[in-house]
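This report concerns only the one structure given below.
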Amino acid sequence: MISRRIVTRRALLAGSAAALAGTRIRGVRAFAGNPFTLGIASGNPGPNSVILWTRLGPEPLSPDTDRPGGMSPDPVAVRWEIALDEDLTQIVGHGEVVAMPETAHAVHVECAGLEPGRDYWYRFIAGGEASPTGRTRTAPARGSELDRLRFGFCSCANYEIGYFAAYRHLAEEGPDLVVFLGDYIYEYISQSPKKVRVHSDGVEANDLRTYRNRYAQYRTDPDLQKLHAAAPCLMTWSDHEVQNDYADGWSQNFDDPQAFLARRAAAYRAYWEHMPLPRAAMPQGPDMHLYGRFDFGALASFYVLDARQFRSRLACDQPPKGGGKQITDAGCPERLDPRRSNLGMAQEAWLFEQFRTASAKWNIIAQEQLMAEFKERLDNGEIAHWSEDWNGFPAARTRLLTQMRDTRLANPVVIGGDIHSFWANELKVDFDDPQAPVVASEFVGTSITSPGPPYDRFSAWLADNPHVRFFDSRQRGYVSVDLRPLRMEVAYRAISDPADSRAELTTLRRFVVADGKPGPVTV
Ligand code: FE
């Protein structure tokens, strides 16, 4: 948090607004309009802390490159408040930070000194305007017993392809935590006939201005705002936060890696600016520290992974087709090379050390993609694998699952997205051995809006993949989890139609995982 005070006209206005804390804010308008059009968010809840986020943007989609968000290039004082009640009458913390033009007037408050395991409400005030009020919740005290944690996870929200009704329904569940598993934005312009609305600038995001603009547009969505205002989040990314199917410095267009890393730097910067992440995570050029562990008492630890930034180049990645593709072991033995890593060796080492010292009852690995092996049978009968999810990194997957087994990691559960379909899988060190013990449970959530892969074709491949216990690519939605010490309940929620902003919700399927018995069981 920046504590220094810059006295500008706006700072003075914000100061006078502060004197009115707890009352309805009125006064001189310092902005061209409401500066809180992008809403608010909170994230990374700890036992005594949470990160509060907003970004000032009275004209969120302003095409004026000198005034991103419609803000003139001055620092602006922003007051924040956190309270025990929704009406913000019992304020327990407040302060002032300076929103800087260099970071698009984003605000990241590292709010400390909170009590564990309770709800809080917060808002921001700037230029005589108050933001919406958000609800957040701290994690329980370290190591304390917790009898229940309700969380949702979601991924793949293409703004052009649908409305975010799924986000609204998740918000209405009032979870303790929301985990975003990637494709929070889509960088490209869709050519799909299923388009129901447009990315307003009409161009593929590829620099700081266009990535900022993309995040700003997503954050104007009322359903996404409602979800962020309902619960704190944990965040990781997939590919579309930068470019489809990229890996580290390798672009699907075979761009020069140095040029691509400059694009990645812009994308990571805009990502950090728009997420409730710590100031320490602010990227340095193309490098950003995103992965980490988040504990919820003795009940659960979440390991939030970054499976993009340090990823080995895709196996057999050569022209003409970049990005993911089907590859066979005869045609592309490189896939099996043990030097290949999805997380990078440093993150793998970190994760394995976490496993060795883990003490929570449930260990949730939150990452972007399908982890189970998935054999795809080609027309000629050969088995192929998709090169662009964990199937492109089988040795790394084996290392991870072996480590889970050998450390006797308690109740490991992998959650993922990216593939725009629901899956419930048994994870094994050896997927080819039907007798091999199940090491972990895997739940993959479908997309918020993005179209799924062909149902019939994928369903035909299930016979070669008996560890896949459920698959459905025909529905859009999210996953709702009710975690208790002896039982994890998982509900696959589906919306009626992504083209309908008022889409209704049904529960497609329910699973449980019992304590000590890895593998999803249908109920
Ligand atoms: Fe996606």
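By order in the structure tokens, chains are A, B, ...; within a chain, residues start at 1; ligands start at 1, following the order shown.
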Within 12 Å of A:Ala259, counting only C-alpha atoms, which residues show up once you throw out same-chain ones fewer than 3 positions away? Write them as a PyMOL selection string, please. chain A and resi 206-207+249-251+253-256+262-266+286
Dump of all heavy atoms for the selected residues, as a short mmCIF file (atom, residue, chain, number, x, y, z; two decimals), in the first residue's frame:
data_model
loop_
_atom_site.label_atom_id
_atom_site.label_comp_id
_atom_site.auth_asym_id
_atom_site.auth_seq_id
_atom_site.Cartn_x
_atom_site.Cartn_y
_atom_site.Cartn_z
N ASN A 206 -3.03 -6.85 -27.93
CA ASN A 206 -1.62 -7.22 -28.13
C ASN A 206 -0.65 -6.23 -27.52
O ASN A 206 0.56 -6.38 -27.66
CB ASN A 206 -1.31 -7.41 -29.62
CG ASN A 206 -1.46 -6.12 -30.40
OD1 ASN A 206 -1.73 -5.06 -29.82
ND2 ASN A 206 -1.28 -6.19 -31.70
N ASP A 207 -1.16 -5.18 -26.84
CA ASP A 207 -0.27 -4.25 -26.15
C ASP A 207 -0.98 -3.76 -24.88
O ASP A 207 -2.13 -4.14 -24.63
CB ASP A 207 0.17 -3.09 -27.05
CG ASP A 207 -1.00 -2.26 -27.56
OD1 ASP A 207 -2.13 -2.41 -27.03
OD2 ASP A 207 -0.79 -1.46 -28.48
N GLY A 249 7.71 -18.23 -23.78
CA GLY A 249 7.95 -17.22 -24.82
C GLY A 249 7.54 -17.68 -26.21
O GLY A 249 7.87 -17.01 -27.20
N TRP A 250 6.80 -18.82 -26.26
CA TRP A 250 6.49 -19.41 -27.56
C TRP A 250 5.05 -19.09 -27.94
O TRP A 250 4.12 -19.50 -27.28
CB TRP A 250 6.73 -20.91 -27.54
CG TRP A 250 8.11 -21.25 -27.08
CD1 TRP A 250 8.48 -21.67 -25.84
CD2 TRP A 250 9.31 -21.14 -27.85
NE1 TRP A 250 9.85 -21.84 -25.79
CE2 TRP A 250 10.38 -21.52 -27.01
CE3 TRP A 250 9.58 -20.76 -29.17
CZ2 TRP A 250 11.70 -21.53 -27.43
CZ3 TRP A 250 10.90 -20.78 -29.59
CH2 TRP A 250 11.94 -21.16 -28.73
N SER A 251 4.89 -18.38 -29.02
CA SER A 251 3.57 -17.98 -29.48
C SER A 251 3.04 -18.99 -30.49
O SER A 251 3.81 -19.68 -31.15
CB SER A 251 3.69 -16.60 -30.12
OG SER A 251 3.21 -16.60 -31.43
N ASN A 253 1.86 -18.27 -33.18
CA ASN A 253 2.15 -17.75 -34.53
C ASN A 253 3.63 -17.84 -34.88
O ASN A 253 4.04 -17.26 -35.88
CB ASN A 253 1.76 -16.27 -34.63
CG ASN A 253 0.32 -16.04 -34.27
OD1 ASN A 253 -0.51 -16.93 -34.46
ND2 ASN A 253 0.01 -14.87 -33.73
N PHE A 254 4.41 -18.49 -34.03
CA PHE A 254 5.86 -18.57 -34.24
C PHE A 254 6.49 -17.17 -34.28
O PHE A 254 7.41 -16.90 -35.05
CB PHE A 254 6.20 -19.37 -35.51
CG PHE A 254 5.55 -20.73 -35.52
CD1 PHE A 254 4.42 -20.98 -36.29
CD2 PHE A 254 6.06 -21.75 -34.73
CE1 PHE A 254 3.81 -22.23 -36.27
CE2 PHE A 254 5.46 -23.01 -34.72
CZ PHE A 254 4.33 -23.23 -35.50
N ASP A 255 5.96 -16.28 -33.44
CA ASP A 255 6.55 -14.94 -33.33
C ASP A 255 7.96 -15.06 -32.79
O ASP A 255 8.30 -16.03 -32.09
CB ASP A 255 5.74 -14.08 -32.35
CG ASP A 255 4.34 -13.80 -32.85
OD1 ASP A 255 4.15 -13.76 -34.09
OD2 ASP A 255 3.44 -13.61 -32.01
N ASP A 256 8.76 -14.05 -33.07
CA ASP A 256 10.08 -13.97 -32.44
C ASP A 256 9.88 -13.95 -30.92
O ASP A 256 9.09 -13.15 -30.40
CB ASP A 256 10.77 -12.67 -32.89
CG ASP A 256 12.00 -12.42 -32.05
OD1 ASP A 256 12.93 -13.23 -32.14
OD2 ASP A 256 12.01 -11.44 -31.28
N ALA A 262 7.58 -9.29 -25.06
CA ALA A 262 7.13 -7.90 -24.85
C ALA A 262 5.61 -7.85 -24.80
O ALA A 262 5.01 -7.14 -23.98
CB ALA A 262 7.67 -7.00 -25.97
N ARG A 263 4.96 -8.63 -25.66
CA ARG A 263 3.50 -8.72 -25.61
C ARG A 263 3.05 -9.34 -24.29
O ARG A 263 2.11 -8.86 -23.65
CB ARG A 263 3.01 -9.56 -26.80
CG ARG A 263 1.51 -9.77 -26.79
CD ARG A 263 1.04 -10.53 -28.02
NE ARG A 263 -0.40 -10.77 -27.92
CZ ARG A 263 -1.12 -11.35 -28.85
NH1 ARG A 263 -0.56 -11.73 -29.99
NH2 ARG A 263 -2.43 -11.54 -28.68
N ARG A 264 3.74 -10.40 -23.87
CA ARG A 264 3.40 -11.05 -22.61
C ARG A 264 3.55 -10.07 -21.44
O ARG A 264 2.73 -10.07 -20.51
CB ARG A 264 4.32 -12.27 -22.40
CG ARG A 264 3.93 -13.13 -21.23
CD ARG A 264 4.85 -14.34 -21.10
NE ARG A 264 5.86 -14.12 -20.07
CZ ARG A 264 6.72 -15.04 -19.65
NH1 ARG A 264 6.71 -16.25 -20.20
NH2 ARG A 264 7.60 -14.77 -18.70
N ALA A 265 4.58 -9.23 -21.49
CA ALA A 265 4.78 -8.25 -20.43
C ALA A 265 3.58 -7.31 -20.32
O ALA A 265 3.11 -7.00 -19.23
CB ALA A 265 6.06 -7.45 -20.68
N ALA A 266 3.08 -6.87 -21.46
CA ALA A 266 1.91 -5.97 -21.46
C ALA A 266 0.68 -6.70 -20.91
O ALA A 266 -0.08 -6.15 -20.11
CB ALA A 266 1.65 -5.48 -22.89
N PRO A 286 8.33 -9.21 -18.45
CA PRO A 286 7.45 -10.35 -18.75
C PRO A 286 7.35 -11.36 -17.61
O PRO A 286 6.77 -12.43 -17.81
CB PRO A 286 8.14 -10.99 -19.97
CG PRO A 286 9.58 -10.68 -19.78
CD PRO A 286 9.65 -9.34 -19.10
#
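A distance search around ligand 1 (10 Å at most, only C-alpha atoms and all ligand atoms) returns the following protein and nucleic acid residues: Ser155, Cys156, Ala157, Asn158, Leu181, Gly182, Asp183, Tyr184, Ile185, Tyr186, Ser238, Asp239, His240, Glu241, Asn244, Asp245, Glu368, Gln369, Gly417, Asp418, Ile419, His420, Thr446, Ser447, Ile448, Thr449, Ser450, Pro451 and Gly452 of chain A.
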Take the residues just selected and output them with N, CA and C atoms as a short mmCIF file (atom, residue, chain, number, x, y, z; two decimals), in the first residue's frame.
data_model
loop_
_atom_site.label_atom_id
_atom_site.label_comp_id
_atom_site.auth_asym_id
_atom_site.auth_seq_id
_atom_site.Cartn_x
_atom_site.Cartn_y
_atom_site.Cartn_z
N SER A 155 -14.16 -20.82 -15.26
CA SER A 155 -13.14 -20.56 -16.27
C SER A 155 -13.81 -20.24 -17.60
N CYS A 156 -13.06 -19.65 -18.49
CA CYS A 156 -13.44 -19.55 -19.90
C CYS A 156 -14.72 -18.75 -20.15
N ALA A 157 -14.60 -17.46 -19.90
CA ALA A 157 -15.73 -16.55 -20.05
C ALA A 157 -15.50 -15.65 -21.27
N ASN A 158 -15.90 -16.14 -22.42
CA ASN A 158 -15.76 -15.31 -23.62
C ASN A 158 -16.93 -14.34 -23.70
N LEU A 181 -10.02 -20.02 -12.80
CA LEU A 181 -8.98 -20.93 -13.32
C LEU A 181 -8.51 -20.59 -14.72
N GLY A 182 -8.80 -19.38 -15.19
CA GLY A 182 -8.20 -18.95 -16.45
C GLY A 182 -9.19 -18.68 -17.56
N ASP A 183 -8.67 -18.04 -18.60
CA ASP A 183 -9.51 -17.49 -19.68
C ASP A 183 -10.58 -16.56 -19.08
N TYR A 184 -10.10 -15.71 -18.21
CA TYR A 184 -10.94 -14.67 -17.60
C TYR A 184 -11.33 -13.66 -18.67
N ILE A 185 -10.43 -13.43 -19.60
CA ILE A 185 -10.74 -12.65 -20.81
C ILE A 185 -10.38 -13.51 -22.02
N TYR A 186 -10.84 -13.06 -23.18
CA TYR A 186 -10.34 -13.62 -24.45
C TYR A 186 -9.72 -12.47 -25.23
N SER A 238 -4.93 -18.85 -17.76
CA SER A 238 -4.70 -19.84 -18.80
C SER A 238 -4.03 -19.11 -19.96
N ASP A 239 -4.34 -19.48 -21.18
CA ASP A 239 -3.65 -18.88 -22.32
C ASP A 239 -4.24 -17.56 -22.80
N HIS A 240 -5.58 -17.46 -22.79
CA HIS A 240 -6.20 -16.29 -23.44
C HIS A 240 -5.98 -14.97 -22.71
N GLU A 241 -5.44 -15.03 -21.51
CA GLU A 241 -5.02 -13.79 -20.85
C GLU A 241 -3.87 -13.14 -21.63
N ASN A 244 -3.86 -17.31 -27.42
CA ASN A 244 -4.24 -18.71 -27.53
C ASN A 244 -3.00 -19.63 -27.57
N ASP A 245 -3.00 -20.62 -26.65
CA ASP A 245 -2.03 -21.73 -26.69
C ASP A 245 -0.56 -21.33 -26.53
N GLU A 368 -5.15 -24.70 -14.47
CA GLU A 368 -6.01 -24.32 -15.58
C GLU A 368 -6.55 -25.44 -16.45
N GLN A 369 -5.92 -26.64 -16.47
CA GLN A 369 -6.25 -27.60 -17.53
C GLN A 369 -6.55 -29.01 -17.04
N GLY A 417 -9.94 -26.33 -15.75
CA GLY A 417 -10.89 -25.79 -16.72
C GLY A 417 -10.33 -25.94 -18.12
N ASP A 418 -10.46 -24.91 -18.93
CA ASP A 418 -9.84 -24.76 -20.25
C ASP A 418 -10.51 -25.54 -21.37
N ILE A 419 -11.07 -26.69 -21.06
CA ILE A 419 -11.54 -27.58 -22.14
C ILE A 419 -13.05 -27.45 -22.37
N HIS A 420 -13.68 -26.47 -21.68
CA HIS A 420 -15.06 -26.09 -21.97
C HIS A 420 -16.00 -27.28 -21.85
N THR A 446 -16.82 -26.81 -16.69
CA THR A 446 -17.08 -26.30 -18.04
C THR A 446 -16.87 -24.79 -18.10
N SER A 447 -17.06 -24.24 -19.27
CA SER A 447 -16.88 -22.80 -19.48
C SER A 447 -18.07 -21.99 -19.00
N ILE A 448 -17.82 -20.73 -18.72
CA ILE A 448 -18.90 -19.78 -18.45
C ILE A 448 -19.71 -19.55 -19.74
N THR A 449 -19.01 -19.38 -20.87
CA THR A 449 -19.73 -19.17 -22.16
C THR A 449 -19.10 -19.91 -23.35
N SER A 450 -17.80 -20.17 -23.33
CA SER A 450 -17.10 -20.63 -24.54
C SER A 450 -17.62 -21.99 -25.01
N PRO A 451 -17.78 -22.19 -26.32
CA PRO A 451 -18.34 -23.44 -26.85
C PRO A 451 -17.46 -24.64 -26.54
N GLY A 452 -18.10 -25.77 -26.26
CA GLY A 452 -17.38 -26.97 -25.89
C GLY A 452 -16.91 -27.76 -27.10
#
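Proximity to stretch 374-386 of chain A at 9 Å, evaluated using only C-alpha atoms and with sequence-adjacent residues fewer than 2 positions away removed, yields Gly324, Lys325, Gln326, Ile327, Thr328, Asp329, Leu370, Met371, Ala372, Glu388, Asp389, Trp390, Asn391, Gly392, Phe458, Ala460, Trp461, Leu462, Asp464, Asn465 and Val468 of chain A.
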For N, CA and C atoms, I'd like the residues from the last selection saved as a CSV table (one decimal), in the first residue's frame.
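Once written, selection02.csv looks like this:
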chain,number,residue,atom,x,y,z
A,324,GLY,N,-2.0,-26.0,-30.0
A,324,GLY,CA,-2.3,-27.4,-29.7
A,324,GLY,C,-2.6,-28.2,-30.9
A,325,LYS,N,-2.2,-29.5,-30.8
A,325,LYS,CA,-2.6,-30.4,-31.9
A,325,LYS,C,-2.5,-31.9,-31.4
A,326,GLN,N,-3.1,-32.8,-32.2
A,326,GLN,CA,-3.0,-34.2,-31.8
A,326,GLN,C,-1.6,-34.7,-32.3
A,327,ILE,N,-1.0,-35.4,-31.3
A,327,ILE,CA,0.4,-36.0,-31.7
A,327,ILE,C,0.4,-37.4,-31.2
A,328,THR,N,1.1,-38.2,-32.0
A,328,THR,CA,1.3,-39.6,-31.6
A,328,THR,C,2.7,-39.8,-31.1
A,329,ASP,N,2.9,-40.9,-30.4
A,329,ASP,CA,4.2,-41.2,-29.8
A,329,ASP,C,5.2,-41.6,-30.9
A,370,LEU,N,-7.1,-29.8,-18.0
A,370,LEU,CA,-7.3,-31.2,-17.8
A,370,LEU,C,-5.9,-31.9,-17.4
A,371,MET,N,-5.9,-32.7,-16.3
A,371,MET,CA,-4.7,-33.4,-16.0
A,371,MET,C,-4.7,-34.8,-16.4
A,372,ALA,N,-5.8,-35.5,-16.3
A,372,ALA,CA,-5.9,-36.9,-16.6
A,372,ALA,C,-5.4,-37.2,-18.0
A,388,GLU,N,-1.4,-29.8,-25.9
A,388,GLU,CA,-1.4,-28.5,-25.2
A,388,GLU,C,-2.0,-28.5,-23.8
A,389,ASP,N,-2.4,-29.7,-23.3
A,389,ASP,CA,-2.7,-29.7,-21.8
A,389,ASP,C,-1.7,-30.6,-21.2
A,390,TRP,N,-2.1,-31.2,-20.0
A,390,TRP,CA,-1.1,-32.1,-19.3
A,390,TRP,C,-0.7,-33.3,-20.2
A,391,ASN,N,-1.6,-33.6,-21.2
A,391,ASN,CA,-1.2,-34.7,-22.1
A,391,ASN,C,0.0,-34.4,-22.9
A,392,GLY,N,0.4,-33.2,-23.0
A,392,GLY,CA,1.6,-32.8,-23.7
A,392,GLY,C,2.9,-32.9,-22.8
A,458,PHE,N,-15.7,-36.9,-28.6
A,458,PHE,CA,-15.1,-37.1,-27.4
A,458,PHE,C,-15.7,-38.3,-26.6
A,460,ALA,N,-16.9,-40.9,-27.9
A,460,ALA,CA,-16.4,-42.2,-28.5
A,460,ALA,C,-15.1,-42.6,-28.0
A,461,TRP,N,-14.3,-41.6,-27.5
A,461,TRP,CA,-12.9,-41.9,-27.0
A,461,TRP,C,-12.9,-42.4,-25.5
A,462,LEU,N,-14.1,-42.3,-24.9
A,462,LEU,CA,-14.1,-42.6,-23.4
A,462,LEU,C,-13.8,-44.1,-23.2
A,464,ASP,N,-11.5,-45.8,-24.3
A,464,ASP,CA,-10.0,-45.9,-24.2
A,464,ASP,C,-9.5,-45.2,-22.9
A,465,ASN,N,-10.4,-44.6,-22.1
A,465,ASN,CA,-10.0,-43.8,-21.0
A,465,ASN,C,-11.0,-44.2,-19.8
A,468,VAL,N,-11.8,-41.8,-16.8
A,468,VAL,CA,-12.7,-40.7,-17.0
A,468,VAL,C,-14.1,-41.2,-16.6
Using the chain letters and numbers from this document, which residues of stretch 62-220 of chain A does DSSP assign to helix (DSSP H, G or I), as an MDAnalysis selection string? chainID A and resid 68:70 101:103 165:173 208:219
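Counting from atom CA of A:Pro175, the distance to atom CA of A:Asp482 is 9.1 Å.
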For A:Val107, which residue out of A:Met71, A:Thr398, A:Val76, A:Ala280 is the nearest one, using only C-alpha atoms? A:Val76
Residues of stretch 405-521 of chain A in strand (DSSP E), written as a PyMOL selection string: chain A and resi 412-416+422-427+440-444+468-472+477-484+487-495+505-514+517-521
Here is a test: counting only C-alpha atoms, which residue of A:Pro193, A:Pro47, A:Gly152, A:Pro283 is nearest to A:Ala231? A:Gly152
Select, from A:Glu81, A:Asp74, A:Asp337, A:Asp430, the residue with the minimum atom-to-atom distance to A:His105, counting only C-alpha atoms. A:Asp74
For A:Pro520, list every protein, DNA or RNA residue within 12 Å, evaluated using only C-alpha atoms, and leave out those in the same chain fewer than 4 positions away; present the list as a PyMOL selection string. chain A and resi 411-414+423-427+438-444+467-470+487-491+509-516
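Distances to A:Gly134 were evaluated for A:Asn44, A:Gln217, A:Gln225, A:Thr236 using only C-alpha atoms, and the minimum falls at A:Gln225.
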Point-to-point distance in Å for atom CA of A:Pro101 and atom CA of A:Tyr122: 23.2 Å
